[in-house]
There are 2 protein chains.
Amino acid sequence: VSELRLRALQGLPEIPPGDDLGARLAALVPAGPGVLVIAQKIVSKAEGRLVSLADVVPSERALELAAQLGKEPRHTELVLREAKRLVRTAPGVLITETRHGLICANSGVDLSNAPGDDIAVLLPLDPDASAERIRQSLGPGRAVIISDTFGRPWREGLVDVAIGVAGIGALKSYIGDTDRAGRELQVTVMARADQIAAAAGLLMEKEAGTPAVWVEGIAIEGKGALRDLLRDPARDLFR
Amino acid sequence: VSELRLRALQGLPEIPPGDDLGARLAALVPAGPGVLVIAQKIVSKAEGRLVSLADVVPSERALELAAQLGKEPRHTELVLREAKRLVRTAPGVLITETRHGLICANSGVDLSNAPGDDIAVLLPLDPDASAERIRQSLGPGRAVIISDTFGRPWREGLVDVAIGVAGIGALKSYIGDTDRAGRELQVTVMARADQIAAAAGLLMEKEAGTPAVWVEGIAIEGKGALRDLLRDPARDLFR
């Protein structure tokens with residue numbers, strides 16, 4: 001690959017629950033091969049992953065945790081419902097592992113940019129399946145990545161990462177030099193789906209209304225799945 | 001911004017120490033505004049940040065650590081010399097904080113792709129200054145990001161991040177919705193320099209000989225510095 005082109009797809013309206021997002025996106029995507037990167041929030045809205053905070057009764061545990069961290073109790077309740085476990089807490093900060101195995105702030109439960117007041121947007125139940133459904137609407141030669149905006153340890157600022165992948169390998173391996181100890185060939189494994197999500201994020205400026213980005217110039221190969229991007233807990237030094 | 005274009009710059013030869021990398025890159029970069037992303041290794045080679053392993057005598061501490069982790073002792077010695085502290089160790093894994101404040105594997109000391117056998121490539125001493133020198137060769141309206149390929153907690157695969165920035169803000173803030181608790185406007189801060197580095201990384205395939213990528217479509221604004229991307233240790237939950 002020697003050239004990449006990324007275009008923000010214009011013309012996506014506010015997405016109502018139950019919307020056929022795949023058909024809508026298929027009408028916007030240019031001809032030819034490419035990767036469609038879609039912001040998670042749009043997918044979640046189409047899938048009706050919305051909860052009115054007015055309907056949420058915080059548990060004792062949510063009330064305690066919210067008071068301890070200075071968070072909104074009903075939001076905290078939803079975060080706990082979406083979480084497999086807490087990873088780190090601090091004043092104003094609640095980092096969890098979601099049922100998908102994603103480690104992120106607030107289990108990915110978002111209160112900003114919600115379609116109405118006091119509406120929480122939850123992550124898709126199965127983001128790979130969501131990506132695959134949209135991919136099928138786009139036809140062959142196209143891949144789909146659902147992205148979300150995550151913070152990171154050690155570094156300031158957010159970057160977009162892939163939370164659902166269809167039609168493209170999430171990882172890409174390159175054979176490198178021989179290890180200097182002479183023992184083995186070094187293999188470099190790049191998180192290609194995350195690189196693509198981060199690139200598309202440059203065009204998904206908040207409030208700019210461009211939650212879908214079309215990426216041309218990347219080989220559409222492999223199958224891809226979120227689990228490929230998640231480190232085996234046994235091999236993770238920062239859990 | 002609604003469109004981005006990234007091009008791998010072809011024609012960069014093997015870079016000898018002392019090379020005027022800025023002049024060389026200025027001759028390859030297209031006309032008009034843009035961001036030049038350069039792989040750290042090329043910058044380090046031009047700056048002579050090379051050490052022959054034959055000249056390295058491992059300290060007692062390096063010998064012990066190398067034996068404990070199953071690492072090469074002279075490599076381990078260089079990693080320790082470049083490190084402010086150890087962050088995590090495990091068999092085959094040595095994660096450190098560099099003198100720049102970067103947290104990464106092996107203090108960024110790389111043995112692969114070195115210009116000769118048994119040569120280690122160290123990170124630039126001051127990557128922002130390196131980026132600024134190159135930026136000055138390119139003239140106004142251009143920005144420079146020096147990138148390196150880092151692993152991450154929790155997620156598999158490497159992504160490129162910015163380790164030096166000149167001529168563009170490393171972070172970009174977007175004003176979002178009002179916090180649902182009604183207290184404050186939410187501000188989303190994106191790690192723009194890292195997004196750009198990750199995007200360019202898609203064109204820097206290992207061994208492909210394309211360590212320089214030209215990115216068009218991003219507003220060239222702000223100054224930028226690595227320190228903007230480094231989280232204050234007091235606010236970091238994963239040190």
# chains A, B, ... in the order shown; residues from 1 in each chain; ligands from 1
>>> residues_around(residues="Ile38 in chain B", least_positions_apart="3", cutoff="12 Å", atoms="only C-alpha atoms", output="ChimeraX atom specification")
/B:8-9,12,21-22,25,29,35,41-44,46,127,130-131,134-135,143-149,160-166,196-198,200-201,203-204,209-215
>>> select_by_dssp(residues="range 6-238 of chain A", states="alpha helix (DSSP H)", output="PyMOL selection string")
chain A and resi 21-28+40-46+60-69+73-82+127-138+192-201
>>> atom_distance(atom1="CA of Arg142 in chain A", atom2="CA of Leu158 in chain A")
26.9 Å
>>> closest_residue(among="B:Gly222, B:Gly34, B:Pro16, B:Pro153", to="chain A", atoms="only C-alpha atoms")
B:Pro153
>>> residues_around(residues="range 95-105 of chain A", least_positions_apart="4", cutoff="9 Å", atoms="only C-alpha atoms", output="PDB file with N, CA and C atoms, in the first residue's frame")
ATOM      1  N   VAL A  79     -23.360   1.440  34.290  1.00  0.00           N
ATOM      2  CA  VAL A  79     -21.956   1.035  34.094  1.00  0.00           C
ATOM      3  C   VAL A  79     -21.723  -0.324  34.751  1.00  0.00           C
ATOM      4  N   LEU A  80     -22.246  -0.493  35.965  1.00  0.00           N
ATOM      5  CA  LEU A  80     -22.057  -1.762  36.677  1.00  0.00           C
ATOM      6  C   LEU A  80     -22.791  -2.899  35.965  1.00  0.00           C
ATOM      7  N   GLU A  82     -23.253  -3.244  32.858  1.00  0.00           N
ATOM      8  CA  GLU A  82     -22.525  -3.588  31.623  1.00  0.00           C
ATOM      9  C   GLU A  82     -21.146  -4.174  31.907  1.00  0.00           C
ATOM     10  N   ALA A  83     -20.735  -4.171  33.167  1.00  0.00           N
ATOM     11  CA  ALA A  83     -19.355  -4.541  33.504  1.00  0.00           C
ATOM     12  C   ALA A  83     -19.245  -5.979  33.991  1.00  0.00           C
ATOM     13  N   LYS A  84     -18.144  -6.606  33.626  1.00  0.00           N
ATOM     14  CA  LYS A  84     -17.772  -7.894  34.178  1.00  0.00           C
ATOM     15  C   LYS A  84     -17.048  -7.686  35.503  1.00  0.00           C
ATOM     16  N   ARG A  85     -16.257  -6.615  35.564  1.00  0.00           N
ATOM     17  CA  ARG A  85     -15.535  -6.293  36.798  1.00  0.00           C
ATOM     18  C   ARG A  85     -15.023  -4.856  36.725  1.00  0.00           C
ATOM     19  N   LEU A  86     -14.688  -4.317  37.889  1.00  0.00           N
ATOM     20  CA  LEU A  86     -14.046  -3.006  37.941  1.00  0.00           C
ATOM     21  C   LEU A  86     -12.540  -3.193  37.768  1.00  0.00           C
ATOM     22  N   VAL A  87     -11.927  -2.306  36.994  1.00  0.00           N
ATOM     23  CA  VAL A  87     -10.483  -2.384  36.777  1.00  0.00           C
ATOM     24  C   VAL A  87      -9.763  -1.351  37.631  1.00  0.00           C
ATOM     25  N   ARG A  88     -10.226  -0.100  37.604  1.00  0.00           N
ATOM     26  CA  ARG A  88      -9.667   0.959  38.443  1.00  0.00           C
ATOM     27  C   ARG A  88     -10.762   1.972  38.752  1.00  0.00           C
ATOM     28  N   THR A  89     -10.695   2.519  39.951  1.00  0.00           N
ATOM     29  CA  THR A  89     -11.582   3.624  40.296  1.00  0.00           C
ATOM     30  C   THR A  89     -10.757   4.747  40.910  1.00  0.00           C
ATOM     31  N   ALA A  90     -11.225   5.953  40.712  1.00  0.00           N
ATOM     32  CA  ALA A  90     -10.620   7.147  41.305  1.00  0.00           C
ATOM     33  C   ALA A  90     -11.704   8.220  41.245  1.00  0.00           C
ATOM     34  N   VAL A 109     -20.620   3.230  28.511  1.00  0.00           N
ATOM     35  CA  VAL A 109     -21.960   3.828  28.623  1.00  0.00           C
ATOM     36  C   VAL A 109     -21.820   5.346  28.554  1.00  0.00           C
ATOM     37  N   LEU A 125     -24.566  -5.025  21.860  1.00  0.00           N
ATOM     38  CA  LEU A 125     -24.427  -6.289  22.588  1.00  0.00           C
ATOM     39  C   LEU A 125     -23.325  -7.141  21.986  1.00  0.00           C
ATOM     40  N   ASP A 126     -23.252  -7.183  20.672  1.00  0.00           N
ATOM     41  CA  ASP A 126     -22.252  -7.996  19.972  1.00  0.00           C
ATOM     42  C   ASP A 126     -21.734  -7.180  18.790  1.00  0.00           C
ATOM     43  N   PRO A 127     -20.713  -6.353  19.031  1.00  0.00           N
ATOM     44  CA  PRO A 127     -20.273  -5.408  17.995  1.00  0.00           C
ATOM     45  C   PRO A 127     -19.777  -6.091  16.712  1.00  0.00           C
ATOM     46  N   PHE A 150     -11.531   5.813  23.182  1.00  0.00           N
ATOM     47  CA  PHE A 150     -11.077   5.326  24.494  1.00  0.00           C
ATOM     48  C   PHE A 150      -9.896   6.167  24.990  1.00  0.00           C
ATOM     49  N   GLY A 151      -9.809   6.299  26.292  1.00  0.00           N
ATOM     50  CA  GLY A 151      -8.594   6.786  26.910  1.00  0.00           C
ATOM     51  C   GLY A 151      -7.577   5.671  27.024  1.00  0.00           C
ATOM     52  N   ARG A 152      -6.382   6.016  27.446  1.00  0.00           N
ATOM     53  CA  ARG A 152      -5.297   5.046  27.526  1.00  0.00           C
ATOM     54  C   ARG A 152      -4.470   5.290  28.776  1.00  0.00           C
ATOM     55  N   ILE A 163     -14.040  -1.677  18.110  1.00  0.00           N
ATOM     56  CA  ILE A 163     -14.757  -2.549  19.066  1.00  0.00           C
ATOM     57  C   ILE A 163     -15.555  -3.632  18.342  1.00  0.00           C
ATOM     58  N   LEU A 226     -13.339  -8.866  17.225  1.00  0.00           N
ATOM     59  CA  LEU A 226     -12.872  -8.105  18.386  1.00  0.00           C
ATOM     60  C   LEU A 226     -11.943  -8.934  19.249  1.00  0.00           C
ATOM     61  N   ARG A 227     -12.257 -10.227  19.411  1.00  0.00           N
ATOM     62  CA  ARG A 227     -11.458 -11.033  20.353  1.00  0.00           C
ATOM     63  C   ARG A 227      -9.977 -11.066  19.949  1.00  0.00           C
ATOM     64  N   LEU A 230      -8.146  -8.387  21.822  1.00  0.00           N
ATOM     65  CA  LEU A 230      -8.169  -8.392  23.287  1.00  0.00           C
ATOM     66  C   LEU A 230      -7.089  -9.321  23.816  1.00  0.00           C
TER      67      LEU A 230
ATOM     68  N   TRP B 154      -3.823  -4.371  27.649  1.00  0.00           N
ATOM     69  CA  TRP B 154      -5.178  -4.895  27.387  1.00  0.00           C
ATOM     70  C   TRP B 154      -5.446  -5.278  25.942  1.00  0.00           C
ATOM     71  N   ARG B 155      -4.756  -4.674  25.014  1.00  0.00           N
ATOM     72  CA  ARG B 155      -5.079  -4.919  23.606  1.00  0.00           C
ATOM     73  C   ARG B 155      -3.885  -5.538  22.897  1.00  0.00           C
TER      74      ARG B 155
END
>>> residues_around(residues="Glu3 in chain B", least_positions_apart="3", cutoff="7 Å", atoms="only C-alpha atoms", output="PyMOL selection string")
(chain A and resi 6-8) or (chain B and resi 217)
>>> write_last_selection(atoms="all heavy atoms", output="mmCIF file, in the first residue's frame")
data_model
loop_
_atom_site.group_PDB
_atom_site.id
_atom_site.type_symbol
_atom_site.label_atom_id
_atom_site.label_comp_id
_atom_site.auth_asym_id
_atom_site.auth_seq_id
_atom_site.Cartn_x
_atom_site.Cartn_y
_atom_site.Cartn_z
ATOM 1 N N LEU A 6 -9.187 8.865 2.983
ATOM 2 C CA LEU A 6 -10.280 8.755 3.946
ATOM 3 C C LEU A 6 -11.276 9.870 3.690
ATOM 4 O O LEU A 6 -10.895 11.037 3.546
ATOM 5 C CB LEU A 6 -9.764 8.892 5.383
ATOM 6 C CG LEU A 6 -8.872 7.771 5.905
ATOM 7 C CD1 LEU A 6 -7.411 8.070 5.639
ATOM 8 C CD2 LEU A 6 -9.093 7.550 7.390
ATOM 9 N N ARG A 7 -12.542 9.508 3.636
ATOM 10 C CA ARG A 7 -13.584 10.504 3.408
ATOM 11 C C ARG A 7 -14.672 10.387 4.457
ATOM 12 O O ARG A 7 -15.179 9.289 4.709
ATOM 13 C CB ARG A 7 -14.219 10.282 2.032
ATOM 14 C CG ARG A 7 -13.393 10.861 0.917
ATOM 15 C CD ARG A 7 -14.063 10.600 -0.417
ATOM 16 N NE ARG A 7 -13.708 9.281 -0.918
ATOM 17 C CZ ARG A 7 -14.181 8.784 -2.067
ATOM 18 N NH1 ARG A 7 -15.056 9.479 -2.786
ATOM 19 N NH2 ARG A 7 -13.789 7.595 -2.481
ATOM 20 N N ALA A 8 -15.036 11.492 5.051
ATOM 21 C CA ALA A 8 -16.194 11.514 5.949
ATOM 22 C C ALA A 8 -17.449 11.437 5.091
ATOM 23 O O ALA A 8 -17.599 12.198 4.134
ATOM 24 C CB ALA A 8 -16.188 12.792 6.777
ATOM 25 N N GLY B 217 -4.807 17.239 4.702
ATOM 26 C CA GLY B 217 -6.211 17.368 5.086
ATOM 27 C C GLY B 217 -6.413 17.740 6.542
ATOM 28 O O GLY B 217 -7.548 17.906 6.985
#
>>> closest_residue(among="A:Val56, A:Ala39, A:Ala129, A:Leu171", to="Asp228 in chain A", atoms="only C-alpha atoms")
A:Leu171
>>> closest_residue(among="A:Ala31, A:Leu4, A:Ile168, A:Ala67", to="chain B", atoms="only C-alpha atoms")
A:Leu4
>>> atom_distance(atom1="CA of Val37 in chain A", atom2="CA of Ala191 in chain B")
18.4 Å
>>> select_by_dssp(residues="chain B", states="strand (DSSP E)", output="PyMOL selection string")
chain B and resi 3-8+34-39+50-52+83-90+93-98+103-105+119-121+142-150+159-166+172-178+185-190+212-216
>>> residues_around(residues="Lys172 in chain B", least_positions_apart="3", cutoff="6 Å", atoms="only C-alpha atoms", output="list in words")
Val189, Met190 and Arg192 of chain B
>>> write_last_selection(atoms="N, CA, C and O atoms", output="short mmCIF file (atom, residue, chain, number, x, y, z; two decimals), in the first residue's frame")
data_model
loop_
_atom_site.label_atom_id
_atom_site.label_comp_id
_atom_site.auth_asym_id
_atom_site.auth_seq_id
_atom_site.Cartn_x
_atom_site.Cartn_y
_atom_site.Cartn_z
N VAL B 189 -10.99 15.59 24.64
CA VAL B 189 -9.63 15.91 24.18
C VAL B 189 -9.09 14.71 23.42
O VAL B 189 -8.91 13.63 23.98
N MET B 190 -8.89 14.89 22.14
CA MET B 190 -8.36 13.81 21.30
C MET B 190 -6.84 13.92 21.23
O MET B 190 -6.29 15.01 21.19
N ARG B 192 -4.58 13.98 18.97
CA ARG B 192 -4.49 14.11 17.52
C ARG B 192 -3.16 13.61 16.94
O ARG B 192 -3.15 12.94 15.90
#
>>> decode(residues="range 69-214 of chain A", atoms="C-alpha atoms", output="PDB file, in the first residue's frame")
ATOM      1  CA  LEU A  69     -16.347   8.569  43.089  1.00  0.00           C
ATOM      2  CA  GLY A  70     -18.573  11.620  42.643  1.00  0.00           C
ATOM      3  CA  LYS A  71     -20.463  10.066  39.720  1.00  0.00           C
ATOM      4  CA  GLU A  72     -24.144  10.139  38.718  1.00  0.00           C
ATOM      5  CA  PRO A  73     -25.822   7.178  40.545  1.00  0.00           C
ATOM      6  CA  ARG A  74     -28.084   6.004  37.676  1.00  0.00           C
ATOM      7  CA  HIS A  75     -25.203   6.239  35.209  1.00  0.00           C
ATOM      8  CA  THR A  76     -23.078   4.267  37.665  1.00  0.00           C
ATOM      9  CA  GLU A  77     -25.806   1.630  37.887  1.00  0.00           C
ATOM     10  CA  LEU A  78     -25.762   1.170  34.105  1.00  0.00           C
ATOM     11  CA  VAL A  79     -21.956   1.035  34.094  1.00  0.00           C
ATOM     12  CA  LEU A  80     -22.057  -1.762  36.677  1.00  0.00           C
ATOM     13  CA  ARG A  81     -24.713  -3.675  34.742  1.00  0.00           C
ATOM     14  CA  GLU A  82     -22.525  -3.588  31.623  1.00  0.00           C
ATOM     15  CA  ALA A  83     -19.355  -4.541  33.504  1.00  0.00           C
ATOM     16  CA  LYS A  84     -17.772  -7.894  34.178  1.00  0.00           C
ATOM     17  CA  ARG A  85     -15.535  -6.293  36.798  1.00  0.00           C
ATOM     18  CA  LEU A  86     -14.046  -3.006  37.941  1.00  0.00           C
ATOM     19  CA  VAL A  87     -10.483  -2.384  36.777  1.00  0.00           C
ATOM     20  CA  ARG A  88      -9.667   0.959  38.443  1.00  0.00           C
ATOM     21  CA  THR A  89     -11.582   3.624  40.296  1.00  0.00           C
ATOM     22  CA  ALA A  90     -10.620   7.147  41.305  1.00  0.00           C
ATOM     23  CA  PRO A  91     -12.566  10.357  41.905  1.00  0.00           C
ATOM     24  CA  GLY A  92     -14.643  10.869  38.751  1.00  0.00           C
ATOM     25  CA  VAL A  93     -13.077   7.816  37.076  1.00  0.00           C
ATOM     26  CA  LEU A  94     -14.591   4.353  36.732  1.00  0.00           C
ATOM     27  CA  ILE A  95     -12.679   1.982  34.471  1.00  0.00           C
ATOM     28  CA  THR A  96     -14.285  -1.385  33.924  1.00  0.00           C
ATOM     29  CA  GLU A  97     -14.031  -4.508  31.839  1.00  0.00           C
ATOM     30  CA  THR A  98     -17.188  -4.872  29.776  1.00  0.00           C
ATOM     31  CA  ARG A  99     -18.927  -8.135  29.070  1.00  0.00           C
ATOM     32  CA  HIS A 100     -17.220  -8.025  25.650  1.00  0.00           C
ATOM     33  CA  GLY A 101     -13.807  -7.920  27.359  1.00  0.00           C
ATOM     34  CA  LEU A 102     -13.167  -4.268  26.499  1.00  0.00           C
ATOM     35  CA  ILE A 103     -11.388  -2.270  29.191  1.00  0.00           C
ATOM     36  CA  CYS A 104     -12.590   1.322  29.087  1.00  0.00           C
ATOM     37  CA  ALA A 105     -14.164   4.154  31.045  1.00  0.00           C
ATOM     38  CA  ASN A 106     -17.770   3.661  32.251  1.00  0.00           C
ATOM     39  CA  SER A 107     -18.240   0.334  30.413  1.00  0.00           C
ATOM     40  CA  GLY A 108     -18.629   2.475  27.311  1.00  0.00           C
ATOM     41  CA  VAL A 109     -21.960   3.828  28.623  1.00  0.00           C
ATOM     42  CA  ASP A 110     -22.190   7.327  27.243  1.00  0.00           C
ATOM     43  CA  LEU A 111     -24.397  10.190  28.346  1.00  0.00           C
ATOM     44  CA  SER A 112     -23.132  12.812  25.927  1.00  0.00           C
ATOM     45  CA  ASN A 113     -24.544  13.189  22.409  1.00  0.00           C
ATOM     46  CA  ALA A 114     -27.551  11.133  23.447  1.00  0.00           C
ATOM     47  CA  PRO A 115     -30.667  11.724  21.345  1.00  0.00           C
ATOM     48  CA  GLY A 116     -32.620  13.163  24.259  1.00  0.00           C
ATOM     49  CA  ASP A 117     -32.022  14.438  27.716  1.00  0.00           C
ATOM     50  CA  ASP A 118     -31.175  11.802  30.304  1.00  0.00           C
ATOM     51  CA  ILE A 119     -30.676   9.047  27.762  1.00  0.00           C
ATOM     52  CA  ALA A 120     -27.724   6.699  28.119  1.00  0.00           C
ATOM     53  CA  VAL A 121     -26.266   4.960  25.088  1.00  0.00           C
ATOM     54  CA  LEU A 122     -24.876   1.472  25.760  1.00  0.00           C
ATOM     55  CA  LEU A 123     -22.374  -0.388  23.592  1.00  0.00           C
ATOM     56  CA  PRO A 124     -23.821  -2.864  21.054  1.00  0.00           C
ATOM     57  CA  LEU A 125     -24.427  -6.289  22.588  1.00  0.00           C
ATOM     58  CA  ASP A 126     -22.252  -7.996  19.972  1.00  0.00           C
ATOM     59  CA  PRO A 127     -20.273  -5.408  17.995  1.00  0.00           C
ATOM     60  CA  ASP A 128     -18.770  -7.999  15.608  1.00  0.00           C
ATOM     61  CA  ALA A 129     -22.285  -9.130  14.689  1.00  0.00           C
ATOM     62  CA  SER A 130     -23.341  -5.506  14.238  1.00  0.00           C
ATOM     63  CA  ALA A 131     -20.362  -4.932  11.933  1.00  0.00           C
ATOM     64  CA  GLU A 132     -21.116  -8.104   9.993  1.00  0.00           C
ATOM     65  CA  ARG A 133     -24.761  -7.105   9.438  1.00  0.00           C
ATOM     66  CA  ILE A 134     -23.682  -3.765   8.009  1.00  0.00           C
ATOM     67  CA  ARG A 135     -20.971  -5.432   5.920  1.00  0.00           C
ATOM     68  CA  GLN A 136     -23.588  -7.649   4.321  1.00  0.00           C
ATOM     69  CA  SER A 137     -25.548  -4.554   3.306  1.00  0.00           C
ATOM     70  CA  LEU A 138     -22.466  -3.122   1.613  1.00  0.00           C
ATOM     71  CA  GLY A 139     -21.708  -6.173  -0.527  1.00  0.00           C
ATOM     72  CA  PRO A 140     -18.422  -7.914  -1.340  1.00  0.00           C
ATOM     73  CA  GLY A 141     -15.019  -6.230  -1.172  1.00  0.00           C
ATOM     74  CA  ARG A 142     -16.007  -4.039   1.741  1.00  0.00           C
ATOM     75  CA  ALA A 143     -15.094  -4.301   5.401  1.00  0.00           C
ATOM     76  CA  VAL A 144     -16.678  -2.677   8.446  1.00  0.00           C
ATOM     77  CA  ILE A 145     -15.115  -1.479  11.689  1.00  0.00           C
ATOM     78  CA  ILE A 146     -17.183  -0.130  14.570  1.00  0.00           C
ATOM     79  CA  SER A 147     -15.096   2.337  16.547  1.00  0.00           C
ATOM     80  CA  ASP A 148     -15.252   3.931  19.938  1.00  0.00           C
ATOM     81  CA  THR A 149     -13.171   6.620  21.590  1.00  0.00           C
ATOM     82  CA  PHE A 150     -11.077   5.326  24.494  1.00  0.00           C
ATOM     83  CA  GLY A 151      -8.594   6.786  26.910  1.00  0.00           C
ATOM     84  CA  ARG A 152      -5.297   5.046  27.526  1.00  0.00           C
ATOM     85  CA  PRO A 153      -2.908   4.501  30.387  1.00  0.00           C
ATOM     86  CA  TRP A 154       0.130   6.800  30.486  1.00  0.00           C
ATOM     87  CA  ARG A 155      -0.907   9.017  27.602  1.00  0.00           C
ATOM     88  CA  GLU A 156      -3.215  12.016  27.471  1.00  0.00           C
ATOM     89  CA  GLY A 157      -6.023  12.362  24.987  1.00  0.00           C
ATOM     90  CA  LEU A 158      -8.416   9.865  23.488  1.00  0.00           C
ATOM     91  CA  VAL A 159      -7.990   7.753  20.378  1.00  0.00           C
ATOM     92  CA  ASP A 160     -10.514   5.726  18.458  1.00  0.00           C
ATOM     93  CA  VAL A 161     -10.169   1.957  18.622  1.00  0.00           C
ATOM     94  CA  ALA A 162     -12.045  -0.888  16.979  1.00  0.00           C
ATOM     95  CA  ILE A 163     -14.757  -2.549  19.066  1.00  0.00           C
ATOM     96  CA  GLY A 164     -16.289  -4.574  16.230  1.00  0.00           C
ATOM     97  CA  VAL A 165     -14.730  -5.911  13.038  1.00  0.00           C
ATOM     98  CA  ALA A 166     -16.089  -7.636   9.931  1.00  0.00           C
ATOM     99  CA  GLY A 167     -14.426  -8.500   6.643  1.00  0.00           C
ATOM    100  CA  ILE A 168     -10.842  -7.522   7.457  1.00  0.00           C
ATOM    101  CA  GLY A 169      -8.208  -9.012   9.724  1.00  0.00           C
ATOM    102  CA  ALA A 170      -8.029  -7.110  13.001  1.00  0.00           C
ATOM    103  CA  LEU A 171      -4.303  -7.864  13.298  1.00  0.00           C
ATOM    104  CA  LYS A 172      -1.644  -7.905  10.603  1.00  0.00           C
ATOM    105  CA  SER A 173       1.689  -9.696  10.984  1.00  0.00           C
ATOM    106  CA  TYR A 174       4.952  -8.726   9.372  1.00  0.00           C
ATOM    107  CA  ILE A 175       7.989 -10.962   9.405  1.00  0.00           C
ATOM    108  CA  GLY A 176      10.963  -8.934  10.574  1.00  0.00           C
ATOM    109  CA  ASP A 177      14.646  -9.496  11.118  1.00  0.00           C
ATOM    110  CA  THR A 178      16.237 -12.353  12.944  1.00  0.00           C
ATOM    111  CA  ASP A 179      16.380 -11.827  16.661  1.00  0.00           C
ATOM    112  CA  ARG A 180      19.931 -10.677  17.536  1.00  0.00           C
ATOM    113  CA  ALA A 181      20.218 -13.516  19.980  1.00  0.00           C
ATOM    114  CA  GLY A 182      19.959 -15.590  16.824  1.00  0.00           C
ATOM    115  CA  ARG A 183      17.091 -17.660  18.082  1.00  0.00           C
ATOM    116  CA  GLU A 184      14.099 -16.765  15.973  1.00  0.00           C
ATOM    117  CA  LEU A 185      12.593 -14.536  13.354  1.00  0.00           C
ATOM    118  CA  GLN A 186      10.906 -11.534  14.882  1.00  0.00           C
ATOM    119  CA  VAL A 187       7.279 -11.103  13.953  1.00  0.00           C
ATOM    120  CA  THR A 188       5.695  -7.702  14.321  1.00  0.00           C
ATOM    121  CA  VAL A 189       1.939  -7.791  14.795  1.00  0.00           C
ATOM    122  CA  MET A 190       0.172  -4.538  14.094  1.00  0.00           C
ATOM    123  CA  ALA A 191      -3.322  -3.776  15.400  1.00  0.00           C
ATOM    124  CA  ARG A 192      -4.550  -2.879  11.946  1.00  0.00           C
ATOM    125  CA  ALA A 193      -8.202  -2.435  12.891  1.00  0.00           C
ATOM    126  CA  ASP A 194      -7.195  -0.022  15.654  1.00  0.00           C
ATOM    127  CA  GLN A 195      -4.911   1.893  13.279  1.00  0.00           C
ATOM    128  CA  ILE A 196      -7.809   2.242  10.840  1.00  0.00           C
ATOM    129  CA  ALA A 197     -10.173   3.326  13.622  1.00  0.00           C
ATOM    130  CA  ALA A 198      -7.661   5.933  14.846  1.00  0.00           C
ATOM    131  CA  ALA A 199      -7.202   7.257  11.325  1.00  0.00           C
ATOM    132  CA  ALA A 200     -10.950   7.540  10.770  1.00  0.00           C
ATOM    133  CA  GLY A 201     -11.250   9.279  14.131  1.00  0.00           C
ATOM    134  CA  LEU A 202      -9.439  12.261  12.649  1.00  0.00           C
ATOM    135  CA  LEU A 203     -12.548  12.830  10.508  1.00  0.00           C
ATOM    136  CA  MET A 204     -15.068  12.083  13.263  1.00  0.00           C
ATOM    137  CA  GLU A 205     -14.778  15.352  15.078  1.00  0.00           C
ATOM    138  CA  LYS A 206     -17.204  15.615  17.905  1.00  0.00           C
ATOM    139  CA  GLU A 207     -20.412  17.385  16.970  1.00  0.00           C
ATOM    140  CA  ALA A 208     -19.341  17.503  13.328  1.00  0.00           C
ATOM    141  CA  GLY A 209     -22.020  14.980  12.396  1.00  0.00           C
ATOM    142  CA  THR A 210     -19.641  12.670  10.562  1.00  0.00           C
ATOM    143  CA  PRO A 211     -19.840   9.345  12.382  1.00  0.00           C
ATOM    144  CA  ALA A 212     -19.039   7.316   9.243  1.00  0.00           C
ATOM    145  CA  VAL A 213     -15.737   7.377   7.383  1.00  0.00           C
ATOM    146  CA  TRP A 214     -14.800   5.543   4.204  1.00  0.00           C
TER     147      TRP A 214
END
